[in-house]
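Student: Contents are mmCIF, C-alpha atoms; file name work-v9.cif:
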```cif
data_input
#
loop_
_atom_site.label_atom_id
_atom_site.label_comp_id
_atom_site.auth_asym_id
_atom_site.auth_seq_id
_atom_site.Cartn_x
_atom_site.Cartn_y
_atom_site.Cartn_z
CA MET A 166 -217.26 42.61 -58.59
CA SER A 167 -213.79 41.00 -58.45
CA PRO A 168 -211.73 41.62 -55.27
CA SER A 169 -209.18 44.38 -55.50
CA PRO A 170 -205.53 43.29 -55.61
CA PRO A 171 -203.57 43.75 -52.39
CA SER A 172 -201.72 47.02 -52.08
CA SER A 173 -197.96 47.06 -52.58
CA SER A 174 -197.41 48.28 -49.01
CA SER A 175 -199.37 45.32 -47.63
CA HIS A 176 -197.33 42.96 -49.78
CA VAL A 177 -194.07 44.47 -48.49
CA GLU A 178 -195.18 44.15 -44.84
CA THR A 179 -196.11 40.50 -45.38
CA LEU A 180 -192.75 39.82 -47.01
CA LEU A 181 -190.85 41.50 -44.17
CA SER A 182 -192.87 39.55 -41.62
CA LEU A 183 -192.02 36.28 -43.35
CA LYS A 184 -188.33 37.20 -43.49
CA ARG A 185 -188.31 37.95 -39.75
CA ARG A 186 -190.01 34.62 -39.10
CA ILE A 187 -187.48 32.77 -41.26
CA ALA A 188 -184.58 34.51 -39.49
CA ALA A 189 -186.02 33.53 -36.10
CA LEU A 190 -186.42 29.91 -37.17
CA GLU A 191 -182.88 29.81 -38.56
CA GLU A 192 -181.57 31.19 -35.27
CA LEU A 193 -183.53 28.58 -33.32
CA ASN A 194 -182.27 25.84 -35.63
CA ALA A 195 -178.67 26.97 -35.07
CA GLU A 196 -179.19 26.76 -31.31
CA LEU A 197 -180.66 23.27 -31.61
CA ARG A 198 -177.67 22.20 -33.68
CA THR A 199 -175.13 23.56 -31.20
CA PRO A 200 -171.99 21.40 -31.33
CA ALA A 201 -171.51 18.98 -28.44
CA GLU A 202 -168.20 20.65 -27.60
CA ARG A 203 -169.92 23.99 -27.02
CA LYS A 204 -172.51 22.35 -24.77
CA SER A 205 -169.77 20.60 -22.85
CA ASN A 206 -167.90 23.89 -22.30
CA SER A 207 -171.10 25.47 -21.01
CA GLN A 208 -171.57 22.62 -18.54
CA VAL A 209 -167.99 22.96 -17.33
CA LEU A 210 -168.55 26.66 -16.64
CA GLU A 211 -171.83 25.98 -14.88
CA GLY A 212 -170.16 23.29 -12.81
CA ARG A 213 -167.65 25.82 -11.51
CA VAL A 214 -170.59 27.75 -10.06
CA ILE A 215 -171.84 24.95 -7.83
CA CYS A 216 -169.47 25.01 -4.83
CA ARG A 217 -169.16 28.77 -5.04
CA LEU A 218 -172.84 29.74 -5.25
CA VAL A 219 -175.03 26.65 -4.81
CA CYS A 220 -173.76 24.30 -2.10
CA LEU A 221 -170.46 23.23 -0.60
CA THR A 222 -170.57 19.44 -0.69
CA GLU A 223 -173.83 18.09 -2.17
CA TRP A 224 -173.80 16.21 -5.47
CA VAL A 225 -176.02 17.64 -8.21
CA GLU A 226 -178.01 14.40 -8.51
CA ASP A 227 -178.85 14.53 -4.78
CA LEU A 228 -180.31 18.02 -5.18
CA VAL A 229 -182.37 16.89 -8.19
CA SER A 230 -183.53 13.82 -6.25
CA GLU A 231 -184.82 16.03 -3.45
CA PHE A 232 -186.81 18.01 -5.99
CA ASP A 233 -188.18 14.79 -7.48
CA ARG A 234 -189.10 13.51 -4.02
CA ARG A 235 -191.14 16.61 -3.31
CA THR A 236 -192.89 16.62 -6.66
CA THR A 237 -193.98 13.02 -6.19
CA LEU A 238 -195.74 13.96 -2.95
CA GLY A 239 -198.63 15.32 -5.01
CA THR A 240 -197.42 18.49 -6.68
CA THR A 241 -198.02 18.92 -10.38
CA ASP A 242 -195.08 21.20 -11.03
CA GLY A 243 -191.97 22.54 -9.37
CA SER A 244 -193.65 25.73 -8.16
CA ASP A 245 -195.56 23.78 -5.50
CA ALA A 246 -192.64 21.65 -4.31
CA GLU A 247 -191.66 23.95 -1.45
CA VAL A 248 -195.14 23.61 0.06
CA PHE A 249 -194.06 20.16 1.23
CA GLU A 250 -191.67 21.41 3.89
CA SER A 251 -189.82 18.58 5.56
CA SER A 252 -189.10 18.16 9.23
CA ASN A 253 -185.64 17.02 8.18
CA THR A 254 -183.12 19.89 8.22
CA ILE A 255 -180.86 18.21 5.67
CA GLU A 256 -183.73 17.75 3.21
CA ASN A 257 -184.79 21.39 3.58
CA ARG A 258 -181.23 22.60 3.07
CA ARG A 259 -180.92 20.34 0.06
CA TYR A 260 -184.07 21.74 -1.53
CA ARG A 261 -182.97 25.32 -0.92
CA SER A 262 -179.72 24.42 -2.66
CA TYR A 263 -181.68 22.89 -5.54
CA LYS A 264 -183.49 26.22 -6.05
CA LYS A 265 -180.09 27.92 -6.29
CA LEU A 266 -178.92 25.22 -8.70
CA VAL A 267 -181.64 25.88 -11.28
CA ILE A 268 -180.91 29.61 -11.08
CA TRP A 269 -177.16 29.35 -11.63
CA CYS A 270 -177.13 26.23 -13.85
CA PRO A 271 -179.74 26.72 -16.61
CA SER A 272 -178.77 23.48 -18.34
CA VAL A 273 -180.00 21.48 -15.33
CA ARG A 274 -183.32 23.31 -15.35
CA MET A 275 -183.75 22.68 -19.08
CA LEU A 276 -182.93 18.99 -18.71
CA ILE A 277 -185.39 18.53 -15.85
CA GLN A 278 -188.12 20.23 -17.88
CA SER A 279 -187.32 18.12 -20.94
CA SER A 280 -187.88 14.40 -21.50
CA ALA A 281 -184.18 13.59 -21.24
CA GLU A 282 -183.19 10.03 -20.45
CA SER A 283 -181.95 9.35 -16.93
CA SER A 284 -178.60 8.25 -18.37
CA GLU A 285 -178.18 11.63 -20.08
CA LEU A 286 -179.03 13.46 -16.87
CA ALA A 287 -176.59 11.29 -14.93
CA GLY A 288 -173.82 12.04 -17.43
CA ILE A 289 -174.36 15.78 -17.19
CA CYS A 290 -174.52 15.65 -13.38
CA ASN A 291 -171.18 13.82 -13.41
CA LYS A 292 -169.62 16.57 -15.56
CA LEU A 293 -170.99 19.27 -13.29
CA ASN A 294 -169.70 17.52 -10.16
CA ARG A 295 -166.21 17.11 -11.61
CA SER A 296 -166.11 20.75 -12.66
CA ALA A 297 -167.32 21.84 -9.20
CA ASP A 298 -164.53 19.86 -7.53
CA ALA A 299 -161.96 21.34 -9.91
CA ALA A 300 -163.07 24.91 -9.14
CA ARG A 301 -162.94 24.27 -5.39
CA GLY A 302 -159.45 22.79 -5.78
CA ASP A 303 -158.28 25.82 -7.79
CA ASP A 304 -159.58 28.22 -5.14
CA THR A 305 -157.99 26.17 -2.35
CA THR A 306 -154.57 26.26 -3.98
CA SER A 307 -154.78 29.93 -4.91
CA LEU A 308 -155.91 31.03 -1.46
CA LYS A 309 -153.18 29.01 0.28
CA PHE A 310 -150.54 31.17 -1.40
CA ALA A 311 -152.50 34.44 -1.09
CA VAL A 312 -153.16 34.15 2.65
CA ALA A 313 -149.47 33.61 3.37
CA SER A 314 -148.61 36.68 1.31
CA TRP A 315 -151.23 38.88 3.00
CA LEU A 316 -150.22 37.93 6.51
CA MET A 317 -146.52 38.39 5.81
CA GLN A 318 -147.31 41.98 4.80
CA THR A 319 -148.81 42.78 8.21
CA SER A 320 -146.95 44.58 10.95
CA PRO A 321 -145.34 43.22 13.01
CA THR A 322 -144.19 40.51 10.65
CA PRO A 323 -145.39 37.07 11.79
CA ASN A 324 -142.79 34.94 13.50
CA PRO A 325 -142.02 32.28 12.43
CA ILE A 326 -142.31 33.16 8.75
CA ILE A 327 -145.42 31.73 7.07
CA SER A 328 -144.51 29.44 4.18
CA ASN A 329 -146.71 29.73 1.12
CA ARG A 330 -146.26 26.03 0.39
CA ASP A 331 -145.84 24.06 3.61
CA LYS A 332 -148.97 24.24 5.80
CA SER A 333 -147.63 22.11 8.65
CA CYS A 334 -146.75 25.18 10.73
CA ARG A 335 -150.09 26.94 10.18
CA GLY A 336 -153.22 26.65 12.26
CA PHE A 337 -153.12 26.88 16.05
CA ARG A 338 -149.40 26.07 16.02
CA HIS A 339 -148.76 29.57 14.69
CA ASP A 340 -149.66 32.53 16.93
CA THR A 341 -150.82 34.78 14.09
CA MET A 342 -153.03 32.20 12.42
CA GLY A 343 -154.17 30.76 15.73
CA LYS A 344 -155.49 34.16 16.76
CA LEU A 345 -157.51 34.40 13.53
CA LEU A 346 -158.87 30.86 13.89
CA CYS A 347 -159.60 31.14 17.61
CA PRO A 348 -163.31 31.01 18.48
CA VAL A 349 -164.50 34.40 19.67
CA ASP A 350 -165.74 32.71 22.85
CA TYR A 351 -162.12 32.21 23.99
CA ASN A 352 -159.35 34.72 24.66
CA TRP A 353 -156.37 33.81 22.50
CA ASP A 354 -154.21 36.42 24.25
CA ASP A 355 -154.39 34.32 27.41
CA ALA A 356 -151.42 31.90 27.38
CA VAL A 357 -153.42 29.33 29.38
CA VAL A 358 -156.20 29.37 26.77
CA ARG A 359 -153.72 29.06 23.88
CA GLU A 360 -152.15 26.04 25.48
CA ALA A 361 -155.54 24.47 26.22
CA ILE A 362 -156.65 24.84 22.60
CA ARG A 363 -153.40 23.38 21.31
CA ASN A 364 -153.70 20.43 23.67
CA TYR A 365 -157.34 19.74 22.75
CA HIS A 366 -158.63 20.42 26.27
CA PRO A 367 -162.35 19.42 26.37
CA ASP A 368 -163.31 22.80 27.84
CA TYR A 369 -161.71 24.59 24.88
CA ARG A 370 -162.89 22.58 21.91
CA VAL A 371 -162.88 24.31 18.53
CA THR A 372 -166.17 23.51 16.79
CA SER A 373 -168.58 25.02 14.28
CA TYR A 374 -170.74 26.22 17.19
CA SER A 375 -168.45 29.23 17.63
CA TRP A 376 -167.59 31.92 15.09
CA PRO A 377 -163.84 32.17 14.38
CA SER A 378 -162.27 35.56 15.01
CA TYR A 379 -161.44 36.27 11.36
CA LEU A 380 -165.17 36.70 10.62
CA TYR A 381 -165.26 39.86 12.78
CA ARG A 382 -163.95 43.29 11.94
CA ASP A 383 -160.57 43.60 13.71
CA GLY A 384 -161.36 40.24 15.32
CA HIS A 385 -163.42 42.03 17.95
CA TYR A 386 -166.44 40.25 19.42
CA ASP A 387 -168.91 42.21 21.56
CA THR A 388 -170.80 39.87 23.90
CA LYS A 389 -173.52 42.51 24.34
CA ASN A 390 -173.93 42.95 20.59
CA PRO A 391 -172.68 39.72 18.94
CA MET A 392 -173.71 40.83 15.42
CA LYS A 393 -171.55 43.95 15.52
CA GLY A 394 -168.77 43.56 12.97
CA LEU A 395 -169.78 39.99 12.09
CA PHE A 396 -168.82 38.99 8.50
CA LYS A 397 -166.82 42.19 8.12
CA GLY A 398 -163.37 40.76 8.76
CA GLU A 399 -160.73 42.33 6.52
CA LEU A 400 -159.17 38.97 5.61
CA LEU A 401 -162.59 37.58 4.66
CA VAL A 402 -163.24 40.55 2.35
CA LYS A 403 -159.83 40.12 0.72
CA ALA A 404 -160.50 36.42 0.18
CA VAL A 405 -163.90 37.03 -1.45
CA LYS A 406 -162.40 39.61 -3.79
CA HIS A 407 -159.46 37.32 -4.54
CA ILE A 408 -161.79 34.50 -5.64
CA PHE A 409 -164.63 36.41 -7.30
CA THR A 410 -163.10 39.56 -8.76
CA SER A 411 -159.33 39.28 -9.02
CA PRO A 412 -156.21 38.80 -6.89
CA THR A 413 -155.24 42.40 -7.65
CA SER A 414 -158.58 43.77 -6.42
CA ALA A 415 -157.99 42.02 -3.08
CA GLU A 416 -155.17 44.45 -2.39
CA ASN A 417 -157.72 47.28 -2.22
CA THR A 418 -160.08 47.00 0.77
CA SER A 419 -161.96 50.29 0.44
CA GLY A 420 -164.38 48.99 -2.18
CA PHE A 421 -164.71 52.43 -3.81
CA LEU A 422 -162.21 52.99 -6.59
CA SER A 423 -162.16 55.85 -9.03
CA SER A 424 -160.34 55.68 -12.34
CA CYS A 425 -157.42 57.63 -10.91
CA ASP A 426 -156.80 54.82 -8.40
CA PHE A 427 -155.77 52.43 -11.19
CA PRO A 428 -152.62 52.44 -13.33
CA LYS A 429 -153.15 54.04 -16.73
CA CYS A 430 -152.92 50.69 -18.50
CA TRP A 431 -156.01 49.56 -16.57
CA ARG A 432 -158.19 52.54 -17.40
CA THR A 433 -160.66 51.90 -20.20
CA THR A 434 -164.19 52.89 -21.04
CA GLY A 435 -165.24 49.28 -20.61
CA GLU A 436 -165.58 48.69 -24.36
CA ARG A 437 -162.06 47.31 -24.72
CA ARG A 438 -162.22 44.76 -21.92
CA THR A 439 -161.31 41.33 -23.23
CA ARG A 440 -161.03 39.38 -19.96
CA CYS A 441 -163.77 38.67 -17.48
CA ASP A 442 -163.38 38.02 -13.76
CA VAL A 443 -164.94 35.01 -12.04
CA ALA A 444 -167.99 37.01 -10.94
CA GLY A 445 -168.56 38.08 -14.54
CA LEU A 446 -168.11 34.56 -15.89
CA LEU A 447 -170.60 33.27 -13.33
CA ARG A 448 -173.01 36.15 -14.13
CA MET A 449 -172.83 37.20 -10.47
CA LYS A 450 -173.65 40.91 -10.42
CA SER A 451 -174.22 41.20 -6.68
CA ILE A 452 -172.70 39.46 -3.70
CA GLN A 453 -174.37 36.19 -2.79
CA PRO A 454 -174.57 34.91 0.80
CA ARG A 455 -173.38 31.50 -0.35
CA ALA A 456 -170.31 33.09 -1.90
CA ILE A 457 -169.46 34.55 1.52
CA ALA A 458 -170.07 31.20 3.23
CA TYR A 459 -167.98 29.32 0.65
CA THR A 460 -165.09 31.77 0.99
CA ALA A 461 -165.25 31.63 4.79
CA VAL A 462 -164.74 27.85 4.61
CA GLN A 463 -161.93 28.20 2.08
CA LEU A 464 -160.25 30.85 4.22
CA ARG A 465 -160.45 28.69 7.32
CA PHE A 466 -158.84 25.83 5.44
CA ALA A 467 -156.08 28.14 4.17
CA LEU A 468 -155.34 29.26 7.74
CA SER A 469 -155.39 25.72 9.12
CA SER A 470 -152.56 23.19 9.17
CA ALA A 471 -154.63 20.61 7.24
CA GLY A 472 -152.67 19.39 4.24
CA SER A 473 -155.63 18.18 2.18
CA TRP A 474 -159.27 19.18 1.83
CA ARG A 475 -161.56 17.57 4.40
CA ILE A 476 -165.01 18.19 5.85
CA MET A 477 -164.00 17.41 9.43
CA ASP A 478 -160.94 19.27 10.74
CA ASP A 479 -160.52 17.64 14.13
CA ASP A 480 -163.75 18.66 15.92
CA PHE A 481 -164.61 21.40 13.45
CA ASP A 482 -167.33 20.53 10.90
CA GLN A 483 -166.71 22.63 7.77
CA GLU A 484 -170.08 21.75 6.26
CA GLU A 485 -172.01 22.76 9.37
CA PHE A 486 -169.96 25.97 9.52
CA TYR A 487 -170.98 26.70 5.92
CA HIS A 488 -174.66 26.13 6.64
CA ASN A 489 -174.52 28.26 9.81
CA ILE A 490 -173.43 31.20 7.66
CA VAL A 491 -175.96 30.50 4.89
CA ASP A 492 -178.78 30.20 7.46
CA TYR A 493 -177.76 33.50 9.05
CA PHE A 494 -178.34 35.28 5.74
CA GLU A 495 -181.23 33.26 4.29
CA LEU A 496 -183.35 32.32 7.31
CA CYS A 497 -183.96 35.62 9.06
CA PRO A 498 -186.20 35.16 12.13
CA SER A 499 -187.71 38.67 11.99
CA THR A 500 -188.22 41.74 9.83
CA GLU A 501 -185.51 43.54 11.80
CA ALA A 502 -183.05 40.71 11.17
CA ALA A 503 -183.90 40.75 7.45
CA LYS A 504 -183.20 44.50 7.36
CA GLU A 505 -179.84 43.98 9.08
CA VAL A 506 -178.93 41.33 6.49
CA GLU A 507 -180.00 43.66 3.68
CA ASN A 508 -177.71 46.38 5.03
CA LEU A 509 -174.89 43.89 5.50
CA LEU A 510 -175.19 42.72 1.88
CA LEU A 511 -175.20 46.34 0.72
CA TRP A 512 -171.93 46.84 2.63
CA TRP A 513 -170.51 43.72 0.98
CA ASN A 514 -171.53 44.86 -2.49
CA GLN A 515 -169.84 48.18 -1.90
CA GLN A 516 -166.67 46.41 -0.79
CA VAL A 517 -166.57 43.91 -3.64
CA PHE A 518 -168.13 45.74 -6.60
CA GLY A 519 -167.95 49.39 -5.58
CA ARG A 520 -169.70 51.43 -8.29
CA ARG A 521 -169.99 48.40 -10.56
CA ASN A 522 -173.43 46.81 -10.78
CA VAL A 523 -174.97 49.29 -8.35
CA SER A 524 -178.23 49.14 -10.31
CA GLU A 525 -178.24 45.38 -9.73
CA TYR A 526 -177.55 45.22 -6.02
CA ARG A 527 -179.51 48.33 -5.03
CA PRO A 528 -182.09 49.21 -7.74
CA GLN A 529 -183.65 52.65 -7.53
CA LYS A 530 -187.24 52.78 -6.35
CA THR A 531 -188.26 54.81 -9.39
CA GLU A 532 -191.93 54.89 -8.44
CA ARG A 533 -191.01 57.30 -5.63
CA LEU A 534 -188.90 59.65 -7.75
CA SER A 535 -189.94 62.92 -9.35
CA VAL A 536 -190.65 61.62 -12.89
CA ALA A 537 -193.09 59.02 -11.59
CA MET A 538 -194.61 61.44 -9.09
CA THR A 539 -195.30 64.10 -11.73
CA SER A 540 -196.79 61.49 -14.06
CA THR A 541 -199.10 60.33 -11.29
CA ALA A 542 -200.13 63.87 -10.42
CA ARG A 543 -201.21 64.73 -14.01
#
```
Just give me the structure as structure tokens.

Tutor:
Amino acid sequence: MSPSPPSSSSHVETLLSLKRRIAALEELNAELRTPAERKSNSQVLEGRVICRLVCLTEWVEDLVSEFDRRTTLGTTDGSDAEVFESSNTIENRRYRSYKKLVIWCPSVRMLIQSSAESSELAGICNKLNRSADAARGDDTTSLKFAVASWLMQTSPTPNPIISNRDKSCRGFRHDTMGKLLCPVDYNWDDAVVREAIRNYHPDYRVTSYSWPSYLYRDGHYDTKNPMKGLFKGELLVKAVKHIFTSPTSAENTSGFLSSCDFPKCWRTTGERRTRCDVAGLLRMKSIQPRAIAYTAVQLRFALSSAGSWRIMDDDFDQEEFYHNIVDYFELCPSTEAAKEVENLLLWWNQQVFGRRNVSEYRPQKTERLSVAMTSTAR
């Protein structure tokens, strides 16, 4: 008996399946043939992430080299690299930064996983580094003007007037900025202490081993509870919002805005938005500890009298200051400390994003809610 011909419905399903397969292959082919200009633009955008969300000063190639060093110790893939913990603090910090790099810069991850030539990798790293420096420079310039404007709006008005261009009269030379920069271990209101700091007295050195006052809410430091109000300084919140959301959003410090709080021209359903803030461009949907650390460094530089970007500001090590903040958030010594950090980040998300992205920064535990409970009970 001869086999029966295939049914028309089976033929149609096969045809549709082949069409879907062809469409998928065409889409993949289009991605593989992406113009070099588009790839370059993507790398520029990814490069602007690095200082803000990955690390303050490290070159991309140094982070990749630390990954390579660990994988050559006997691991077969990147997932085992962190098993080889180093006794060197710098190497450990560098590897933690590498893990952030492959999250925020997908092109680096793809290149490492591919068989790209070392020259190609070096070229891309160079582009990323240049873009990272450019982003840091843009934020430095922008914040220099913004900080002067914010402080001149305070009451009483700072005297002398804070110039938004000339930084020579900022820093500890200016009472208002000196109070914000003053380590919480010293009492800036004491005239003897102010004079000692300005004269570089060895007993009143300003180093990264002390938190500056602007990190604390209202600049108040409680010796009995040193974590109270830490990283809740109003100026720090304004600076984070200025860099990552928008300069306009920095004017609001409540964090919770309803549609009636905005001018009518700002109110939309979200479908008509044509511009994206920095957080959106970087795909940052929740506050990142390294964003706080980066902004804290930028804010300190804006308050200082330093005319150009530098790692060492007299005795103050900006890089060590950055890592002190990152370690506070990322290296919690206990479960209780981790819970405190979780609550602190929730507070930050509410300040910066408000109702936006709430499902990202505090997902519902749906398995404990009524729908899941009734399904389980059936």

Student: Quick one: apply the PyMOL selection byres ((chain A and resi 356-368) around 9) to the file and drop the selected residues here as a list in words.

Tutor: Phe337, Arg338, Asp340, Gly343, Lys344, Cys347, Tyr351, Asn352, Trp353, Asp354, Asp355, Tyr369, Arg370 and Val371 of chain A

Student: For a quick check of your reading of the model, name the residues lying within 8 Å of the coordinate (-165.1, 32.1, 7.0), counting only C-alpha atoms, and write them as JSON, numbers by chain.

Tutor: {"A": [377, 379, 380, 396, 401, 457, 458, 459, 460, 461, 462, 463, 464, 465]}

Student: Just say which residues the PyMOL selection byres ((chain A and resi 276) around 12) picks in this file, as a VMD selection string.

Tutor: chain A and resid 208 229 267 270 to 275 277 to 290

Student: Can you sort out the box for segment 282-293 of chain A, edges along x, y and z, all listed atoms in, 5 Å on every side, with centre and edge lengths in Å to one decimal, as lines of an AutoDock Vina configuration file?

Tutor:
```
center_x = -176.4
center_y = 13.8
center_z = -16.9
size_x = 23.6
size_y = 21.0
size_z = 17.2
```

Student: Could you tell me how far atom CA of Leu447 of chain A lies from atom CA of Leu210 of chain A, in Å and to one decimal?

Tutor: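 Going from atom CA of Leu447 of chain A over to atom CA of Leu210 of chain A, I get 7.7 Å.
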
Student: Please compute the atom CA of Glu211 of chain A-atom CA of Tyr260 of chain A distance, one decimal, in Å.

Tutor: 18.6 Å

Student: Compare A:Gln483, A:Ser473, A:Ser411, A:Asn329 by their minimum atom-to-atom distance to Thr372 of chain A, counting only C-alpha atoms, and give me the closest one.

Tutor: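 Nearest to Thr372 of chain A: A:Gln483.
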
Student: With all atoms listed in the file as the counted atoms, please give the residues lying no more than 8 Å from segment 293-305 of chain A, apart from itself and same-chain residues fewer than 3 positions off, as an mmCIF file with C-alpha atoms, keeping the file's coordinate frame.

Tutor:
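part_19.cif was written with the following content:
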```
data_model
loop_
_atom_site.group_PDB
_atom_site.id
_atom_site.type_symbol
_atom_site.label_atom_id
_atom_site.label_comp_id
_atom_site.auth_asym_id
_atom_site.auth_seq_id
_atom_site.Cartn_x
_atom_site.Cartn_y
_atom_site.Cartn_z
ATOM 1 C CA GLN A 208 -171.570 22.620 -18.540
ATOM 2 C CA VAL A 209 -167.990 22.960 -17.330
ATOM 3 C CA LEU A 210 -168.550 26.660 -16.640
ATOM 4 C CA GLU A 211 -171.830 25.980 -14.880
ATOM 5 C CA GLY A 212 -170.160 23.290 -12.810
ATOM 6 C CA ARG A 213 -167.650 25.820 -11.510
ATOM 7 C CA VAL A 214 -170.590 27.750 -10.060
ATOM 8 C CA ILE A 215 -171.840 24.950 -7.830
ATOM 9 C CA CYS A 216 -169.470 25.010 -4.830
ATOM 10 C CA ARG A 217 -169.160 28.770 -5.040
ATOM 11 C CA TRP A 224 -173.800 16.210 -5.470
ATOM 12 C CA VAL A 225 -176.020 17.640 -8.210
ATOM 13 C CA ILE A 289 -174.360 15.780 -17.190
ATOM 14 C CA CYS A 290 -174.520 15.650 -13.380
ATOM 15 C CA LEU A 308 -155.910 31.030 -1.460
ATOM 16 C CA LYS A 309 -153.180 29.010 0.280
ATOM 17 C CA ILE A 408 -161.790 34.500 -5.640
ATOM 18 C CA GLN A 463 -161.930 28.200 2.080
ATOM 19 C CA PHE A 466 -158.840 25.830 5.440
ATOM 20 C CA ALA A 467 -156.080 28.140 4.170
#
```

Student: Name the residues that the PyMOL selection byres ((chain A and resi 231) around 9) picks from the file above, as a ChimeraX atom specification, using the file's chain letters and numbers.

Tutor: /A:226-230,232-236,256-257,259-260,263

Student: One decimal, Å: what's the distance from atom CA of Phe494 of chain A over to atom CA of Met342 of chain A, could you say?

Tutor: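 These atoms are spaced 26.4 Å apart.
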
Student: Would you mind telling me which residue in A:Met538, A:Asp479, A:Lys450, A:Pro391 lies nearest to Arg521 of chain A when using all atoms listed in the file?

Tutor: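 Ranked by minimum distance to Arg521 of chain A, first place goes to A:Lys450.
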
Student: So, counting only C-alpha atoms, which residue among A:Asn508, A:Ser375, A:Thr237, A:Gln529 is closest to Phe486 of chain A?

Tutor: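 Answer, going by the shortest atom-to-atom distance: A:Ser375.
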
Student: So which one's closest to Thr222 of chain A, A:Ile326, A:Ile476, A:Leu180, A:Leu345? Using only C-alpha atoms, please.

Tutor: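 Of the candidates, the smallest distance to Thr222 of chain A is held by A:Ile476.
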
Student: With distances taken over only C-alpha atoms, which of A:Leu496, A:Met392, A:Ile452, A:Ile490 is nearest to Leu510 of chain A?

Tutor: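 Among the listed residues, A:Ile452 lies closest to Leu510 of chain A.
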
Student: Name the closest residue to Val219 of chain A among the candidates A:Val491, A:Ala404, A:Leu534, A:Leu395; distances are taken between atoms, counting all atoms listed in the file.

Tutor: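 Closest candidate: A:Val491.
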